[in-house]
file final_32.cif (mmCIF, C-alpha atoms)
data_run
#
loop_
_atom_site.label_atom_id
_atom_site.label_comp_id
_atom_site.auth_asym_id
_atom_site.auth_seq_id
_atom_site.Cartn_x
_atom_site.Cartn_y
_atom_site.Cartn_z
CA MET A 1 81.00 112.94 121.09
CA ILE A 2 82.69 114.85 118.30
CA HIS A 3 83.62 118.36 119.38
CA PRO A 4 82.67 121.39 117.27
CA LEU A 5 85.35 122.10 114.68
CA LYS A 6 87.88 124.72 115.70
CA ARG A 7 89.69 126.98 113.27
CA PRO A 8 91.56 125.03 110.58
CA LEU A 9 95.23 124.33 111.18
CA THR A 10 96.43 126.81 108.58
CA GLU A 11 94.25 129.81 109.43
CA PRO A 12 96.64 131.53 111.88
CA LEU A 13 99.39 131.40 109.26
CA ALA A 14 97.50 134.11 107.36
CA HIS A 15 97.46 136.34 110.43
CA PRO A 16 100.95 137.06 111.81
CA SER A 17 99.42 138.81 114.83
CA LYS A 18 98.20 135.41 116.02
CA ARG A 19 101.64 133.81 115.97
CA SER A 20 101.54 133.69 119.79
CA LEU A 21 99.41 130.58 119.34
CA THR A 22 102.46 128.70 118.01
CA HIS A 23 105.32 127.64 120.24
CA PRO A 24 107.30 130.89 120.79
CA PRO A 25 111.04 131.40 120.31
CA LEU A 26 112.78 129.88 123.31
CA LYS A 27 115.74 131.28 125.23
CA ARG A 28 116.50 127.70 126.26
CA PRO A 29 116.69 124.52 124.15
CA LEU A 30 113.41 123.13 122.84
CA LYS A 31 112.53 120.13 124.99
CA VAL A 32 111.49 117.24 122.76
CA ALA A 33 110.01 113.80 123.42
CA ILE A 34 110.74 111.42 120.54
CA LEU A 35 108.36 108.48 120.52
CA GLY A 36 109.36 105.88 117.97
CA SER A 37 113.03 106.82 118.37
CA THR A 38 114.49 103.58 116.97
CA GLY A 39 112.62 103.81 113.66
CA SER A 40 113.68 105.70 110.56
CA ILE A 41 112.04 109.03 111.49
CA GLY A 42 113.11 108.77 115.13
CA ARG A 43 116.74 108.11 114.25
CA GLN A 44 116.81 111.04 111.84
CA ALA A 45 115.18 113.26 114.47
CA LEU A 46 118.01 112.37 116.83
CA ASP A 47 120.47 113.28 114.06
CA VAL A 48 118.87 116.72 114.00
CA ALA A 49 119.02 116.98 117.80
CA ALA A 50 122.69 115.95 117.82
CA ALA A 51 123.48 118.65 115.27
CA MET A 52 121.64 121.29 117.32
CA PRO A 53 122.82 120.75 120.93
CA GLY A 54 122.06 124.31 121.97
CA ARG A 55 118.63 124.32 120.37
CA VAL A 56 117.17 120.85 121.09
CA LYS A 57 117.15 118.85 124.33
CA VAL A 58 115.72 115.32 124.19
CA VAL A 59 113.77 114.63 127.40
CA ALA A 60 112.00 111.32 126.62
CA LEU A 61 112.39 108.36 124.27
CA ALA A 62 110.13 105.44 123.43
CA ALA A 63 110.27 102.46 121.08
CA ASN A 64 108.50 99.21 120.38
CA CYS A 65 111.06 96.47 121.01
CA ASN A 66 114.57 97.53 119.98
CA HIS A 67 115.90 97.77 123.52
CA ALA A 68 119.59 97.73 122.54
CA LEU A 69 119.34 100.77 120.25
CA LEU A 70 117.08 102.58 122.71
CA ALA A 71 119.70 102.05 125.42
CA ARG A 72 122.41 103.58 123.22
CA GLN A 73 120.17 106.53 122.42
CA ALA A 74 119.31 107.10 126.08
CA ARG A 75 122.99 107.13 127.03
CA GLU A 76 124.06 109.35 124.13
CA PHE A 77 121.38 111.97 124.78
CA ASP A 78 121.32 111.59 128.57
CA VAL A 79 117.62 110.70 128.69
CA GLY A 80 116.15 109.19 131.86
CA LEU A 81 112.52 108.88 130.73
CA VAL A 82 112.21 105.87 128.42
CA ALA A 83 109.53 103.30 127.59
CA LEU A 84 109.23 100.15 125.49
CA ALA A 85 105.87 98.89 124.25
CA ASP A 86 107.15 95.29 124.30
CA GLU A 87 107.27 94.23 127.95
CA GLN A 88 109.95 91.57 127.43
CA ALA A 89 112.12 94.13 125.67
CA ALA A 90 111.64 96.49 128.63
CA GLN A 91 112.77 93.72 131.01
CA ARG A 92 115.91 93.14 128.93
CA PHE A 93 116.57 96.89 128.83
CA ASN A 94 116.38 97.16 132.60
CA ALA A 95 118.49 94.05 133.16
CA GLU A 96 121.24 95.24 130.81
CA VAL A 97 121.18 99.02 131.29
CA ARG A 98 120.12 99.77 134.82
CA PRO A 99 123.14 98.13 136.50
CA LYS A 100 125.30 100.56 134.49
CA ASP A 101 122.98 103.55 134.84
CA PRO A 102 120.71 103.39 137.91
CA PHE A 103 118.87 106.54 136.87
CA THR A 104 117.52 105.04 133.63
CA HIS A 105 114.58 102.66 133.86
CA ALA A 106 112.37 101.60 130.95
CA GLU A 107 108.66 101.52 131.73
CA PRO A 108 106.92 98.63 129.93
CA GLY A 109 103.80 98.53 127.77
CA SER A 110 101.89 100.66 125.28
CA GLU A 111 100.36 102.74 128.08
CA ALA A 112 103.85 103.65 129.27
CA VAL A 113 104.74 104.79 125.76
CA ALA A 114 101.57 106.89 125.56
CA SER A 115 102.29 108.43 128.97
CA LEU A 116 105.45 110.03 127.58
CA ALA A 117 103.27 112.16 125.30
CA ASP A 118 102.04 114.00 128.41
CA ALA A 119 103.93 117.28 128.52
CA GLY A 120 103.09 117.64 132.18
CA ALA A 121 104.95 114.43 132.98
CA THR A 122 108.00 114.98 130.76
CA GLY A 123 108.30 118.75 130.51
CA ALA A 124 108.38 118.45 126.73
CA ASP A 125 107.55 121.49 124.61
CA LEU A 126 107.11 119.27 121.56
CA VAL A 127 106.22 115.59 121.11
CA LEU A 128 107.39 113.89 117.92
CA ASN A 129 105.03 110.99 117.21
CA ALA A 130 107.15 108.76 114.97
CA LEU A 131 105.44 105.51 115.92
CA VAL A 132 104.27 103.19 113.15
CA GLY A 133 100.59 102.29 112.80
CA ALA A 134 97.46 102.74 114.87
CA VAL A 135 99.49 102.41 118.08
CA GLY A 136 100.25 106.10 117.66
CA LEU A 137 96.66 107.25 118.24
CA ARG A 138 96.89 107.57 122.00
CA VAL A 139 100.23 109.34 121.73
CA SER A 140 98.77 112.00 119.44
CA MET A 141 95.72 112.44 121.63
CA GLY A 142 97.87 112.63 124.76
CA ALA A 143 100.19 115.26 123.31
CA VAL A 144 97.33 117.44 122.08
CA CYS A 145 95.39 117.22 125.34
CA SER A 146 98.46 117.97 127.49
CA GLY A 147 99.22 121.21 125.68
CA ALA A 148 102.39 120.10 123.91
CA THR A 149 103.02 120.90 120.28
CA LEU A 150 102.55 117.69 118.29
CA ALA A 151 105.03 117.02 115.48
CA LEU A 152 103.17 114.34 113.58
CA ALA A 153 104.90 111.64 111.56
CA ASN A 154 102.29 109.00 112.45
CA LYS A 155 99.77 109.47 109.64
CA GLU A 156 97.47 106.78 111.09
CA SER A 157 96.55 109.18 113.91
CA LEU A 158 94.57 111.36 111.52
CA VAL A 159 93.60 108.61 109.07
CA VAL A 160 91.87 106.71 111.89
CA ALA A 161 91.00 109.45 114.38
CA GLY A 162 91.15 112.75 112.52
CA GLU A 163 87.52 113.46 113.40
CA LEU A 164 88.44 113.21 117.10
CA ILE A 165 91.88 114.79 117.16
CA MET A 166 91.59 117.84 114.90
CA PRO A 167 88.80 119.57 116.84
CA LEU A 168 91.07 119.46 119.91
CA VAL A 169 94.09 121.06 118.20
CA ASP A 170 94.85 124.68 118.97
CA PRO A 171 96.08 126.61 115.90
CA GLY A 172 99.78 126.12 115.31
CA ARG A 173 100.05 123.22 117.77
CA LEU A 174 100.14 120.45 115.16
CA LEU A 175 103.10 120.45 112.82
CA PRO A 176 103.15 117.82 110.04
CA VAL A 177 106.38 115.91 109.54
CA ASP A 178 105.50 113.82 106.47
CA SER A 179 107.46 115.45 103.65
CA GLU A 180 104.32 116.08 101.57
CA HIS A 181 102.26 117.60 104.36
CA SER A 182 105.17 119.65 105.66
CA ALA A 183 105.57 120.98 102.12
CA ILE A 184 101.90 122.00 101.96
CA PHE A 185 102.12 123.55 105.42
CA GLN A 186 105.13 125.61 104.32
CA CYS A 187 103.44 126.68 101.08
CA LEU A 188 100.55 128.01 103.16
CA VAL A 189 102.69 130.21 105.43
CA GLY A 190 101.47 133.76 104.98
CA GLU A 191 98.53 132.70 102.81
CA ASN A 192 94.79 132.93 103.37
CA ARG A 193 93.49 129.35 103.35
CA ARG A 194 90.17 130.56 101.88
CA GLU A 195 92.11 131.32 98.70
CA VAL A 196 93.31 127.74 98.30
CA GLU A 197 91.85 126.15 95.18
CA ARG A 198 93.61 122.77 95.20
CA ILE A 199 96.27 120.76 96.99
CA TRP A 200 98.63 118.73 94.82
CA LEU A 201 100.19 115.77 96.62
CA THR A 202 103.23 114.36 94.87
CA ALA A 203 104.01 110.63 94.81
CA SER A 204 107.26 108.99 93.78
CA GLY A 205 105.34 106.11 92.21
CA GLY A 206 107.37 103.63 94.24
CA PRO A 207 109.56 100.86 92.81
CA PHE A 208 106.85 99.43 90.53
CA ASN A 209 105.70 102.52 88.65
CA GLY A 210 104.87 101.46 85.08
CA LEU A 211 104.36 97.76 85.80
CA THR A 212 101.18 95.86 84.90
CA ARG A 213 99.02 93.97 87.38
CA GLU A 214 100.31 90.71 85.94
CA GLU A 215 103.89 91.80 86.60
CA LEU A 216 102.97 92.90 90.14
CA SER A 217 101.60 89.46 91.01
CA SER A 218 105.09 87.97 91.20
CA VAL A 219 107.11 90.75 92.87
CA THR A 220 108.96 89.91 96.08
CA ALA A 221 109.20 91.74 99.39
CA GLU A 222 112.86 92.48 98.66
CA GLN A 223 111.87 94.21 95.42
CA ALA A 224 109.04 96.10 97.10
CA LEU A 225 111.41 97.37 99.80
CA SER A 226 113.80 98.85 97.23
CA HIS A 227 112.37 102.35 97.04
CA PRO A 228 113.95 104.45 94.27
CA THR A 229 114.27 107.74 96.14
CA TRP A 230 113.42 107.47 99.86
CA ARG A 231 114.86 105.35 102.69
CA MET A 232 111.99 104.55 105.06
CA GLY A 233 110.73 101.85 107.40
CA SER A 234 109.45 98.61 105.89
CA LYS A 235 105.73 99.23 106.44
CA ILE A 236 105.61 102.67 104.82
CA THR A 237 107.86 101.44 102.00
CA ILE A 238 105.39 98.69 101.13
CA ASP A 239 102.54 101.21 101.38
CA SER A 240 104.44 103.39 98.92
CA ALA A 241 104.80 100.44 96.54
CA THR A 242 101.02 99.75 96.59
CA LEU A 243 100.14 103.49 96.54
CA MET A 244 98.16 102.90 99.74
CA ASN A 245 100.47 105.43 101.37
CA LYS A 246 99.32 108.14 98.98
CA GLY A 247 95.69 107.34 99.67
CA LEU A 248 96.33 107.59 103.40
CA GLU A 249 98.04 110.94 102.81
CA VAL A 250 94.96 112.21 100.98
CA ILE A 251 92.88 111.42 104.09
CA GLU A 252 95.49 113.08 106.29
CA ALA A 253 95.57 116.21 104.10
CA HIS A 254 91.77 116.41 104.25
CA HIS A 255 91.93 116.62 108.05
CA LEU A 256 95.08 118.71 108.39
CA PHE A 257 94.11 121.46 106.00
CA ASP A 258 90.31 121.26 106.17
CA VAL A 259 89.95 120.77 102.40
CA ALA A 260 87.37 118.71 100.54
CA TYR A 261 88.46 115.46 98.88
CA ASP A 262 87.53 116.91 95.50
CA ALA A 263 90.16 119.64 96.07
CA ILE A 264 93.03 117.16 96.62
CA SER A 265 94.85 115.75 93.59
CA VAL A 266 97.76 113.31 93.39
CA VAL A 267 100.49 113.43 90.76
CA VAL A 268 103.34 110.94 90.28
CA HIS A 269 106.71 112.70 90.34
CA PRO A 270 109.57 110.15 90.15
CA GLN A 271 112.37 112.61 90.97
CA SER A 272 110.82 113.32 94.43
CA CYS A 273 112.21 116.85 94.34
CA VAL A 274 108.85 118.64 94.41
CA HIS A 275 107.39 117.54 97.72
CA SER A 276 103.91 118.96 97.10
CA MET A 277 102.15 122.03 95.73
CA VAL A 278 99.29 124.39 96.55
CA GLU A 279 97.16 125.99 93.84
CA PHE A 280 95.35 129.24 94.63
CA THR A 281 92.17 130.82 93.30
CA ASP A 282 94.09 133.22 91.04
CA GLY A 283 95.78 130.31 89.25
CA SER A 284 99.11 130.69 91.03
CA VAL A 285 100.83 127.54 92.29
CA LYS A 286 103.39 127.39 95.10
CA ALA A 287 105.63 124.33 95.13
CA HIS A 288 107.99 123.16 97.85
CA LEU A 289 111.23 121.75 96.41
CA GLY A 290 114.15 120.26 98.27
CA ALA A 291 116.39 117.28 98.95
CA THR A 292 114.87 113.84 99.50
CA ASP A 293 115.93 113.89 103.13
CA MET A 294 113.46 113.55 106.00
CA ARG A 295 115.71 115.60 108.27
CA VAL A 296 114.43 118.70 106.44
CA PRO A 297 110.75 118.46 107.53
CA ILE A 298 111.77 117.09 110.95
CA GLN A 299 114.00 120.08 111.57
CA TYR A 300 111.32 122.49 110.36
CA ALA A 301 108.90 121.04 112.91
CA PHE A 302 111.53 121.66 115.59
CA SER A 303 112.40 125.18 114.44
CA TYR A 304 108.99 126.51 113.30
CA PRO A 305 108.36 129.35 112.60
CA ALA A 306 112.13 129.93 112.28
CA ARG A 307 114.52 128.09 109.96
CA TRP A 308 117.79 126.63 111.19
CA PRO A 309 120.95 125.86 109.17
CA ALA A 310 120.49 122.89 106.84
CA GLN A 311 121.52 119.36 107.78
CA ALA A 312 120.83 118.08 104.26
CA GLY A 313 122.69 119.02 101.12
CA PRO A 314 121.10 121.46 98.67
CA VAL A 315 119.51 120.46 95.37
CA ASP A 316 121.72 121.21 92.38
CA PHE A 317 119.15 122.32 89.83
CA THR A 318 121.79 122.50 87.10
CA ARG A 319 122.22 118.72 87.38
CA LEU A 320 118.63 117.73 88.11
CA GLY A 321 117.83 117.78 84.41
CA ARG A 322 114.06 117.32 84.41
CA LEU A 323 110.92 117.18 86.52
CA ASP A 324 108.33 114.65 85.35
CA PHE A 325 104.67 114.49 86.36
CA SER A 326 101.93 112.00 85.49
CA ALA A 327 98.64 110.71 86.83
CA PRO A 328 98.73 107.62 89.06
CA ASP A 329 97.63 104.38 87.38
CA ARG A 330 94.56 103.53 89.44
CA THR A 331 93.73 100.43 87.41
CA VAL A 332 97.03 98.84 88.45
CA PHE A 333 97.34 100.21 91.98
CA GLY A 334 93.87 99.74 93.44
CA CYS A 335 94.86 100.44 97.04
CA PHE A 336 94.87 104.16 96.30
CA ASP A 337 91.16 104.25 95.44
CA LEU A 338 90.32 101.97 98.38
CA ALA A 339 91.87 104.52 100.72
CA VAL A 340 90.27 107.58 99.14
CA SER A 341 86.85 105.88 99.09
CA ALA A 342 87.17 105.04 102.78
CA GLY A 343 88.13 108.63 103.50
CA ARG A 344 85.10 109.93 101.65
CA ALA A 345 82.85 107.49 103.54
CA GLY A 346 84.25 108.86 106.80
CA GLY A 347 83.26 107.63 110.23
CA THR A 348 84.95 104.35 111.11
CA ALA A 349 85.68 103.36 107.49
CA PRO A 350 89.27 104.67 107.53
CA ALA A 351 89.95 102.81 110.79
CA THR A 352 88.83 99.56 109.15
CA LEU A 353 90.93 100.29 106.07
CA ASN A 354 94.03 101.06 108.09
CA ALA A 355 93.78 97.97 110.30
CA ALA A 356 93.24 95.64 107.35
CA ASN A 357 96.18 97.18 105.51
CA GLU A 358 98.54 96.83 108.49
CA VAL A 359 97.69 93.13 108.78
CA ALA A 360 97.99 92.55 105.02
CA VAL A 361 101.36 94.33 104.77
CA ALA A 362 102.72 92.28 107.69
CA ALA A 363 101.49 89.11 105.99
CA PHE A 364 103.22 90.08 102.73
CA LEU A 365 106.47 90.83 104.52
CA GLY A 366 106.15 87.46 106.25
CA ALA A 367 105.72 85.71 102.87
CA ARG A 368 102.18 84.58 103.76
CA ILE A 369 100.51 86.36 100.83
CA GLY A 370 101.52 87.90 97.52
CA PHE A 371 101.91 91.60 96.73
CA THR A 372 98.57 91.97 94.95
CA ASP A 373 96.87 90.09 97.79
CA ILE A 374 97.35 93.17 99.96
CA GLU A 375 94.70 94.96 97.92
CA ARG A 376 92.50 91.86 97.90
CA VAL A 377 92.58 91.55 101.70
CA VAL A 378 91.82 95.22 102.31
CA ALA A 379 88.96 95.26 99.79
CA SER A 380 87.44 92.12 101.33
CA VAL A 381 87.53 93.54 104.85
CA LEU A 382 85.92 96.78 103.68
CA ASP A 383 83.18 94.79 101.91
CA LEU A 384 82.38 92.94 105.14
CA ALA A 385 82.43 95.98 107.42
CA SER A 386 79.72 98.47 108.28
CA TRP A 387 80.45 102.11 109.09
CA GLU A 388 79.58 104.04 112.22
CA ALA A 389 79.92 107.66 113.23
CA VAL A 390 83.07 108.25 115.29
CA ASP A 391 82.42 108.97 118.96
CA SER A 392 85.46 107.83 120.97
CA LEU A 393 89.00 106.51 120.87
CA GLU A 394 87.82 103.33 122.56
CA GLN A 395 85.29 102.76 119.77
CA LEU A 396 88.01 103.18 117.14
CA GLU A 397 90.28 100.74 118.95
CA SER A 398 87.46 98.22 119.00
CA ILE A 399 86.89 98.71 115.26
CA ASP A 400 90.62 98.31 114.70
CA SER A 401 90.71 94.99 116.59
CA ALA A 402 87.68 93.62 114.76
CA ALA A 403 89.09 94.54 111.35
CA ARG A 404 92.38 92.84 112.19
CA ARG A 405 90.60 89.62 113.09
CA ILE A 406 88.63 89.66 109.83
CA ALA A 407 91.81 90.33 107.85
CA GLU A 408 93.60 87.42 109.50
CA ASN A 409 90.70 85.11 108.71
CA ILE A 410 90.77 86.18 105.06
CA ILE A 411 94.53 85.62 104.85
CA GLU A 412 94.13 82.10 106.21
CA ILE A 413 91.91 81.10 103.29
CA LEU A 414 93.78 82.85 100.45
#
call {"tool": "encode", "arguments": {"input": "final_32.cif", "output": "C-alpha cells"}}
result
Amino acid sequence: MIHPLKRPLTEPLAHPSKRSLTHPPLKRPLKVAILGSTGSIGRQALDVAAAMPGRVKVVALAANCNHALLARQAREFDVGLVALADEQAAQRFNAEVRPKDPFTHAEPGSEAVASLADAGATGADLVLNALVGAVGLRVSMGAVCSGATLALANKESLVVAGELIMPLVDPGRLLPVDSEHSAIFQCLVGENRREVERIWLTASGGPFNGLTREELSSVTAEQALSHPTWRMGSKITIDSATLMNKGLEVIEAHHLFDVAYDAISVVVHPQSCVHSMVEFTDGSVKAHLGATDMRVPIQYAFSYPARWPAQAGPVDFTRLGRLDFSAPDRTVFGCFDLAVSAGRAGGTAPATLNAANEVAVAAFLGARIGFTDIERVVASVLDLASWEAVDSLEQLESIDSAARRIAENIIEIL
C-alpha cells in the first residue's frame, strides 16, 4: 500500500534548525557506494572521489557488465565489495582478478547489485545510484530503507516508483544528481517551498533542435549521439535527442519537489549554462548557472550542505555572449508530451512509458527502427495499456516486463 506522504523533500531547507536530518559534517571521510560505476556518472563520481581523498572513501562498486573497468576501479580505490549484474561478467571478473587480489570477489546478479545499496552491509553513508534504467529501482528503495542518504542519478527510480519511494524518504536524505534537479534543489536552499510559484526546467534541445519531423525521419544513431553540450551515456543521449528525457525529468521534479504538473515549465536553452530556475510568488526568479560538467552536481551531493573546492572550470561570463531561451517544439518532438501525459495519469502509466521507451531506444541504437519510430513504439504501447494504482515494487516490475514484451512485438511488425 502507498504510505502517507511525509514532508516534501525541500521543506527542511527552509528551517536551518532541522539540518540534523541531513547527513552531518563528518570528522572522517564520507563513505560512498557507487552503483553504476563504469557508466558516465559513475566514472565522474570516481573522479570527484580521487580529487578528495581525505573527504570521500569508496566502499562499494557495482556495474552491469564492464568487468575489466570495474576491476581497475576496485584496485585503484581499494574496494573489496563489488558486484556485476551480468553473471558471465562476474565470472570473468573473478577468474581474472581474484588470483591477483584474493580479497576482491564480484558477486553476480541484479540482486547482488541491489544488496550493495544496504548501508548496513557496506557501511556506506551515501549511495550514489548511477545505474541506467528501471534496474535502479531496487537500489533506490534499498538505500532509502537502510537509512543511507541516496544520491540519485537514476531518474527512472522516481519516474516509475516515485509514489512508493518518496513517502519513505526522510527529509534531506535524497539528494538529486541530475544537473537540472540539483540546480532546483540548490535554488531552494533557505527558501520556503510554499512560496514556490513555478519550476523552470531547462533543456539543451539536443542535437536536432530546429529540425522538422521529415528531417528527423532519416537521422542516424551516430548523429543522435552527438550531443552539442553534454557528454552522457548512449541511452540518456538518445532520450535528450527525442526530448523524452525532459518529459521524464518533469515527472521526477513532480515527485522530488512535491509540485503540481501545471507548476512545472520547460524551456529550451541551447547554451546549457542555466541548469534550471525557480520562480517565487513575489515574481523573483532564482537561477542556477555553472559549467556543463556533471562533476559539479555529483560533488554537491557528496558535500551537502557544504561546498568543496571546484573540480570543474568556472564559466567566463565575459565570453559567454548570450543566453537564449525558447519553448520546446512539441509538434516535432512528441515524446515530451507522451511522458508528461503519463505522469499526469499517474499510477502505473509512467512505468509503462519508461519500459516502452527503454526497448525502443535500444532498438534504434541497434538499427532495428528509425529515430521517429521511438515515439511511435511508445505511443502504441501506451494505447494498449491500462493503468492501475501503484501498490508494490513487484507490481511495477510486472508492469515493466509486460510493457517490454508489447514493445518488442510492435517493433517486430514496424
call {"tool": "residues_around", "arguments": {"input": "final_32.cif", "residues": "Ile374 of chain A", "least_positions_apart": "5", "cutoff": "7 Å", "atoms": "only C-alpha atoms", "output": "list in words"}}
result
Asn357, Ala360 and Val361 of chain A
call {"tool": "atom_distance", "arguments": {"input": "final_32.cif", "atom1": "atom CA of Val359 of chain A", "atom2": "atom CA of Ser401 of chain A"}}
result
10.6 Å
call {"tool": "residues_around", "arguments": {"input": "final_32.cif", "residues": "segment 376-384 of chain A", "least_positions_apart": "5", "cutoff": "9 Å", "atoms": "all atoms listed in the file", "output": "mmCIF file with C-alpha atoms, in the frame of the given file"}}
result
data_model
loop_
_atom_site.group_PDB
_atom_site.id
_atom_site.type_symbol
_atom_site.label_atom_id
_atom_site.label_comp_id
_atom_site.auth_asym_id
_atom_site.auth_seq_id
_atom_site.Cartn_x
_atom_site.Cartn_y
_atom_site.Cartn_z
ATOM 1 C CA CYS A 335 94.860 100.440 97.040
ATOM 2 C CA LEU A 338 90.320 101.970 98.380
ATOM 3 C CA ALA A 342 87.170 105.040 102.780
ATOM 4 C CA ALA A 349 85.680 103.360 107.490
ATOM 5 C CA THR A 352 88.830 99.560 109.150
ATOM 6 C CA LEU A 353 90.930 100.290 106.070
ATOM 7 C CA ASN A 354 94.030 101.060 108.090
ATOM 8 C CA ALA A 355 93.780 97.970 110.300
ATOM 9 C CA ALA A 356 93.240 95.640 107.350
ATOM 10 C CA ASN A 357 96.180 97.180 105.510
ATOM 11 C CA VAL A 359 97.690 93.130 108.780
ATOM 12 C CA ALA A 360 97.990 92.550 105.020
ATOM 13 C CA ALA A 403 89.090 94.540 111.350
ATOM 14 C CA ARG A 404 92.380 92.840 112.190
ATOM 15 C CA ILE A 406 88.630 89.660 109.830
ATOM 16 C CA ALA A 407 91.810 90.330 107.850
ATOM 17 C CA GLU A 408 93.600 87.420 109.500
ATOM 18 C CA ILE A 410 90.770 86.180 105.060
ATOM 19 C CA ILE A 411 94.530 85.620 104.850
ATOM 20 C CA LEU A 414 93.780 82.850 100.450
#
call {"tool": "resolve_selection", "arguments": {"input": "final_32.cif", "expression": "the PyMOL selection byres ((chain A and resi 144-155) around 6)", "output": "PyMOL selection string"}}
result
chain A and resi 118-119+125-131+141-143+156-158+173-178
call {"tool": "atom_distance", "arguments": {"input": "final_32.cif", "atom1": "atom CA of Ile238 of chain A", "atom2": "atom CA of Ser398 of chain A"}}
result
25.3 Å
call {"tool": "resolve_selection", "arguments": {"input": "final_32.cif", "expression": "the PyMOL selection byres ((chain A and resi 47) around 12)", "output": "mmCIF file with C-alpha atoms, keeping the file's coordinate frame"}}
result
data_model
loop_
_atom_site.group_PDB
_atom_site.id
_atom_site.type_symbol
_atom_site.label_atom_id
_atom_site.label_comp_id
_atom_site.auth_asym_id
_atom_site.auth_seq_id
_atom_site.Cartn_x
_atom_site.Cartn_y
_atom_site.Cartn_z
ATOM 1 C CA ILE A 34 110.740 111.420 120.540
ATOM 2 C CA SER A 37 113.030 106.820 118.370
ATOM 3 C CA THR A 38 114.490 103.580 116.970
ATOM 4 C CA SER A 40 113.680 105.700 110.560
ATOM 5 C CA ILE A 41 112.040 109.030 111.490
ATOM 6 C CA GLY A 42 113.110 108.770 115.130
ATOM 7 C CA ARG A 43 116.740 108.110 114.250
ATOM 8 C CA GLN A 44 116.810 111.040 111.840
ATOM 9 C CA ALA A 45 115.180 113.260 114.470
ATOM 10 C CA LEU A 46 118.010 112.370 116.830
ATOM 11 C CA VAL A 48 118.870 116.720 114.000
ATOM 12 C CA ALA A 49 119.020 116.980 117.800
ATOM 13 C CA ALA A 50 122.690 115.950 117.820
ATOM 14 C CA ALA A 51 123.480 118.650 115.270
ATOM 15 C CA MET A 52 121.640 121.290 117.320
ATOM 16 C CA PRO A 53 122.820 120.750 120.930
ATOM 17 C CA VAL A 56 117.170 120.850 121.090
ATOM 18 C CA VAL A 58 115.720 115.320 124.190
ATOM 19 C CA GLN A 73 120.170 106.530 122.420
ATOM 20 C CA GLU A 76 124.060 109.350 124.130
ATOM 21 C CA PHE A 77 121.380 111.970 124.780
ATOM 22 C CA ASP A 293 115.930 113.890 103.130
ATOM 23 C CA MET A 294 113.460 113.550 106.000
ATOM 24 C CA ARG A 295 115.710 115.600 108.270
ATOM 25 C CA VAL A 296 114.430 118.700 106.440
ATOM 26 C CA ILE A 298 111.770 117.090 110.950
ATOM 27 C CA GLN A 299 114.000 120.080 111.570
ATOM 28 C CA GLN A 311 121.520 119.360 107.780
ATOM 29 C CA ALA A 312 120.830 118.080 104.260
#
